[in-house]
$ cat model16.cif   # mmCIF, C-alpha atoms
data_start
loop_
_atom_site.label_atom_id
_atom_site.label_comp_id
_atom_site.auth_asym_id
_atom_site.auth_seq_id
_atom_site.Cartn_x
_atom_site.Cartn_y
_atom_site.Cartn_z
CA GLN A 1 34.69 36.03 -197.05
CA ALA A 2 31.78 36.67 -194.72
CA TRP A 3 29.65 33.79 -193.50
CA PRO A 4 25.97 33.80 -194.56
CA SER A 5 23.87 35.63 -192.05
CA CYS A 6 21.33 33.92 -189.80
CA ASN A 7 18.64 35.87 -191.58
CA MET A 8 19.52 34.07 -194.82
CA PHE A 9 18.98 30.64 -193.19
CA VAL A 10 15.73 31.83 -191.67
CA GLY A 11 14.62 33.04 -195.08
CA LEU A 12 15.50 29.72 -196.72
CA ARG A 13 13.56 27.83 -194.06
CA ALA A 14 10.57 30.09 -194.61
CA ILE A 15 10.65 29.48 -198.38
CA LEU A 16 10.90 25.71 -197.85
CA PHE A 17 8.00 25.80 -195.37
CA LEU A 18 5.80 27.84 -197.69
CA ASN A 19 6.49 25.43 -200.56
CA LEU A 20 5.51 22.43 -198.47
CA MET A 21 2.61 24.01 -196.58
CA PRO A 22 0.01 23.98 -199.43
CA GLN A 23 0.29 20.19 -199.70
CA VAL A 24 -0.81 19.90 -196.07
CA ALA A 25 -3.08 22.90 -195.69
CA CYS A 26 -5.08 22.24 -198.85
CA LEU A 27 -6.39 18.89 -197.60
CA PRO A 28 -9.98 19.46 -196.38
CA SER A 29 -11.04 18.29 -192.94
CA HIS A 30 -13.86 16.16 -194.36
CA VAL A 31 -15.34 14.84 -197.60
CA GLY A 32 -17.38 17.63 -199.15
CA PRO A 33 -20.78 17.50 -200.87
CA SER A 34 -20.94 15.45 -204.06
CA LYS A 35 -22.15 16.68 -207.44
CA TYR A 36 -23.18 13.20 -208.49
CA TYR A 37 -23.63 10.82 -205.55
CA LYS A 38 -26.78 11.11 -203.46
CA GLU A 39 -26.35 10.48 -199.76
CA LEU A 40 -28.24 7.30 -198.98
CA ASP A 41 -29.99 6.34 -195.78
CA LEU A 42 -29.81 2.62 -195.05
CA ALA A 43 -33.56 2.57 -194.46
CA ALA A 44 -34.06 3.23 -198.19
CA PHE A 45 -31.09 1.20 -199.39
CA GLY A 46 -32.81 -1.78 -200.99
CA LYS A 47 -35.40 0.33 -202.75
CA LYS A 48 -32.86 2.72 -204.27
CA VAL A 49 -29.91 0.46 -205.08
CA PHE A 50 -31.50 -2.72 -206.42
CA GLN A 51 -33.39 -1.56 -209.50
CA LYS A 52 -34.66 -3.26 -212.64
CA GLU A 53 -34.15 -0.40 -215.09
CA LYS A 54 -30.86 1.18 -214.01
CA ASP A 55 -27.45 0.18 -212.76
CA THR A 56 -26.26 1.73 -209.53
CA MET A 57 -22.86 2.76 -208.26
CA VAL A 58 -22.52 2.74 -204.47
CA LEU A 59 -19.62 4.36 -202.66
CA PHE A 60 -18.98 3.58 -198.99
CA TYR A 61 -16.71 6.13 -197.34
CA ARG A 62 -15.89 7.80 -194.04
CA GLY A 63 -16.51 11.54 -193.99
CA ARG A 64 -13.43 12.45 -191.94
CA SER A 65 -11.07 9.72 -193.13
CA GLU A 66 -7.91 11.05 -194.79
CA ARG A 67 -8.04 8.32 -197.46
CA SER A 68 -11.67 9.11 -198.26
CA ILE A 69 -10.81 12.81 -198.54
CA VAL A 70 -7.77 12.19 -200.77
CA LEU A 71 -9.54 9.73 -203.10
CA ASN A 72 -12.86 11.56 -203.33
CA PRO A 73 -11.89 13.57 -206.48
CA PHE A 74 -11.24 10.30 -208.36
CA PHE A 75 -14.71 8.97 -207.54
CA GLU A 76 -16.27 12.30 -208.52
CA ARG A 77 -14.43 12.14 -211.84
CA LEU A 78 -15.60 8.56 -212.37
CA ALA A 79 -19.23 9.48 -211.77
CA ALA A 80 -18.89 12.51 -214.06
CA ASP A 81 -17.49 10.41 -216.92
CA VAL A 82 -20.20 7.75 -216.58
CA LYS A 83 -23.06 10.20 -216.14
CA LYS A 84 -21.91 12.24 -219.14
CA ARG A 85 -22.29 9.19 -221.38
CA SER A 86 -25.24 7.31 -219.92
CA LYS A 87 -28.52 8.04 -218.18
CA HIS A 88 -28.86 4.43 -217.05
CA VAL A 89 -26.74 4.67 -213.88
CA ASP A 90 -27.68 6.12 -210.50
CA PHE A 91 -25.03 7.16 -207.98
CA TYR A 92 -25.27 6.81 -204.21
CA ARG A 93 -22.90 6.99 -201.30
CA VAL A 94 -23.06 6.00 -197.65
CA ASP A 95 -20.99 7.50 -194.86
CA GLU A 96 -19.94 4.27 -193.21
CA ALA A 97 -18.77 6.04 -190.07
CA GLN A 98 -22.38 7.07 -189.44
CA GLN A 99 -24.39 4.16 -190.85
CA GLY A 100 -22.20 1.17 -191.58
CA PHE A 101 -23.11 -1.34 -194.29
CA PRO A 102 -26.61 -2.61 -195.10
CA PRO A 103 -27.33 -6.18 -193.95
CA LYS A 104 -29.33 -6.93 -197.10
CA GLY A 105 -27.86 -7.75 -200.49
CA LYS A 106 -24.67 -9.61 -201.45
CA TRP A 107 -21.33 -7.83 -201.18
CA PRO A 108 -18.63 -10.32 -202.26
CA GLY A 109 -15.07 -9.43 -201.35
CA LEU A 110 -16.11 -7.21 -198.45
CA ASP A 111 -14.52 -7.93 -195.08
CA LYS A 112 -16.83 -6.64 -192.41
CA THR A 113 -17.58 -6.99 -188.74
CA SER A 114 -21.22 -7.47 -187.81
CA ASN A 115 -22.95 -5.66 -185.00
CA PRO A 116 -25.85 -7.79 -183.74
CA GLN A 117 -27.42 -4.79 -182.07
CA PRO A 118 -29.66 -2.57 -184.24
CA THR A 119 -28.43 0.98 -184.65
CA GLU A 120 -31.04 3.71 -184.26
CA SER A 121 -29.22 6.91 -183.41
CA ALA A 122 -27.37 7.13 -186.73
CA LEU A 123 -30.58 6.73 -188.68
CA GLY A 124 -32.82 8.80 -186.50
CA ASN A 125 -35.50 6.11 -186.51
CA ALA A 126 -38.13 5.59 -183.88
CA PRO A 127 -37.41 2.97 -181.19
CA GLY A 128 -37.91 -0.51 -182.55
CA ASP A 129 -37.20 0.53 -186.14
CA GLY A 130 -33.41 0.13 -185.95
CA ILE A 131 -31.47 -1.62 -188.69
CA ALA A 132 -28.65 -4.08 -188.00
CA MET A 133 -25.30 -2.48 -188.78
CA ALA A 134 -22.08 -3.87 -190.22
CA THR A 135 -18.74 -2.07 -190.44
CA SER A 136 -16.03 -2.68 -193.03
CA LEU A 137 -12.41 -3.35 -192.14
CA SER A 138 -11.07 -1.31 -195.05
CA GLU A 139 -9.03 1.85 -194.63
CA ASN A 140 -9.92 3.02 -198.15
CA PRO A 141 -13.33 3.89 -199.59
CA ILE A 142 -15.15 0.91 -201.11
CA LEU A 143 -17.00 1.08 -204.41
CA PHE A 144 -19.63 -1.40 -205.55
CA TYR A 145 -21.33 -1.59 -208.93
CA VAL A 146 -24.77 -3.18 -209.13
CA ASN A 147 -26.07 -4.27 -212.52
CA ALA A 148 -29.79 -3.74 -213.17
CA SER A 149 -32.07 -6.52 -211.85
CA SER A 150 -29.29 -7.85 -209.59
CA VAL A 151 -28.97 -7.99 -205.81
CA LYS A 152 -25.25 -8.65 -206.04
CA GLY A 153 -22.79 -5.77 -205.82
CA GLU A 154 -19.48 -6.17 -207.65
CA MET A 155 -16.64 -4.79 -205.57
CA LEU A 156 -13.92 -2.62 -207.10
CA PRO A 157 -10.61 -4.45 -206.47
CA PRO A 158 -8.94 -2.93 -203.39
CA ASN A 159 -5.55 -2.66 -205.13
CA LEU A 160 -7.04 -0.28 -207.72
CA VAL A 161 -8.38 1.97 -204.97
CA ALA A 162 -5.12 1.90 -203.02
CA ASN A 163 -3.04 2.91 -206.06
CA LEU A 164 -5.30 5.65 -207.42
CA ASP A 165 -3.29 8.54 -205.99
CA ARG A 166 0.12 6.93 -206.40
CA LYS A 167 0.54 7.22 -210.17
CA GLN A 168 1.13 10.30 -212.27
CA ASP A 169 -0.68 8.93 -215.32
CA ASP A 170 -4.30 7.84 -215.73
CA ASP A 171 -3.72 4.09 -216.00
CA HIS A 172 -5.35 3.28 -212.67
CA TYR A 173 -8.22 5.66 -213.31
CA HIS A 174 -8.92 4.04 -216.67
CA ALA A 175 -8.89 0.70 -214.85
CA LEU A 176 -11.77 2.08 -212.74
CA LEU A 177 -13.68 2.87 -215.91
CA ALA A 178 -12.92 -0.61 -217.23
CA PHE A 179 -14.34 -2.11 -214.02
CA VAL A 180 -17.59 -0.20 -214.54
CA TYR A 181 -17.67 -1.14 -218.22
CA VAL A 182 -17.27 -4.87 -217.54
CA HIS A 183 -20.04 -5.01 -214.95
CA SER A 184 -22.53 -2.60 -216.52
CA ASN A 185 -25.53 -3.46 -218.67
CA TRP A 186 -25.38 -3.17 -222.45
CA ARG A 187 -27.04 0.26 -222.52
CA VAL A 188 -24.22 1.68 -220.42
CA GLN A 189 -21.49 -0.25 -222.25
CA ARG A 190 -22.36 0.99 -225.73
CA LYS A 191 -22.06 4.62 -224.57
CA LEU A 192 -19.16 4.30 -222.16
CA ILE A 193 -16.84 2.59 -224.63
CA LYS A 194 -16.64 5.89 -226.53
CA HIS A 195 -14.37 7.22 -223.78
CA LYS A 196 -10.89 7.36 -225.37
CA GLY A 197 -8.98 6.23 -222.32
CA LEU A 198 -11.35 3.34 -221.69
CA LYS A 199 -11.30 2.25 -225.33
CA LYS A 200 -7.49 2.15 -225.22
CA THR A 201 -7.52 0.15 -221.97
CA VAL A 202 -10.04 -2.39 -223.29
CA LYS A 203 -8.12 -2.76 -226.54
CA LYS A 204 -4.86 -3.37 -224.67
CA ALA A 205 -6.50 -5.93 -222.36
CA SER A 206 -7.93 -7.74 -225.37
CA SER A 207 -4.55 -7.76 -227.10
CA ASP A 208 -2.79 -9.06 -223.97
CA ALA A 209 -5.38 -11.83 -223.63
CA LYS A 210 -4.75 -12.99 -227.22
CA THR A 211 -1.00 -12.96 -226.61
CA ASP A 212 -1.40 -15.21 -223.57
CA LEU A 213 -3.28 -17.84 -225.58
#
$ encode --input "model16.cif" --output "structure tokens"
Amino acid sequence: QAWPSCNMFVGLRAILFLNLMPQVACLPSHVGPSKYYKELDLAAFGKKVFQKEKDTMVLFYRGRSERSIVLNPFFERLAADVKKRSKHVDFYRVDEAQQGFPPKGKWPGLDKTSNPQPTESALGNAPGDGIAMATSLSENPILFYVNASSVKGEMLPPNLVANLDRKQDDDHYHALLAFVYVHSNWRVQRKLIKHKGLKKTVKKASSDAKTDL
């Protein structure tokens, strides 16, 4: 019986390569434009984020970070689901690699390194108008939810962000919705709870809590 030809092995390698290639090649080189989040300049941060009438969702990311690129579709989906059901939430995002974190406001749970020197080049401000910059220590994007009339941003638990792309089902995504639901104002809650996946998650959490009593 004849041995398989070298051409056969070459062909098998080519098939294997072509099957694996899309997983690598399809990853963009940077986070693309958002349909829902407005890019926010730190100079206008306080005025836009801390409102009295609306909640705000603020996403801090790095435009060329692989984790930001991979997880971006989940945050787009989250904004789409919330926006579809409520007009009382505004969505913003900040490219941390360019601007860092705002010095104003309270961001519990955020590990950051402070830069005492004002940064001007990233903002394009005139000399003397620089804003102090802080940089997070997180590898993953960071999401904060700010309830109306509050200056305190509630941070999405890092473990939820880290596990978003590691499960085949929607359990972790529905946990994101539950995070928004818990910290949102009543106008948002009464609309958002109509989401089937969220309703199931909230019901299960309530049942588990009763069992633990």
$ closest_residue --input "model16.cif" --among "A:Tyr92, A:Ala178, A:Lys48, A:Arg62" --to "Glu139 (chain A)" --atoms "only C-alpha atoms"
A:Arg62
$ residues_near_point --input "model16.cif" --point "(-23.8, 5.0, -205.5)" --cutoff "8 Å" --atoms "all atoms listed in the file" --output "ChimeraX atom specification"
/A:37-38,49,56-59,90-94,143-145
$ resolve_selection --input "model16.cif" --expression "the PyMOL selection byres ((chain A and resi 140) around 9)" --output "count of residues only"
14
$ residues_near_point --input "model16.cif" --point "(-24.6, -2.1, -220.5)" --cutoff "12 Å" --atoms "only C-alpha atoms" --output "PyMOL selection string"
chain A and resi 53-56+82+85-89+146-148+180-193
$ atom_distance --input "model16.cif" --atom1 "CA of Glu39 (chain A)" --atom2 "CA of Lys194 (chain A)"
28.8 Å
$ atom_distance --input "model16.cif" --atom1 "CA of Gly197 (chain A)" --atom2 "CA of Ser149 (chain A)"
28.4 Å
$ atom_distance --input "model16.cif" --atom1 "CA of Thr201 (chain A)" --atom2 "CA of Leu160 (chain A)"
14.3 Å
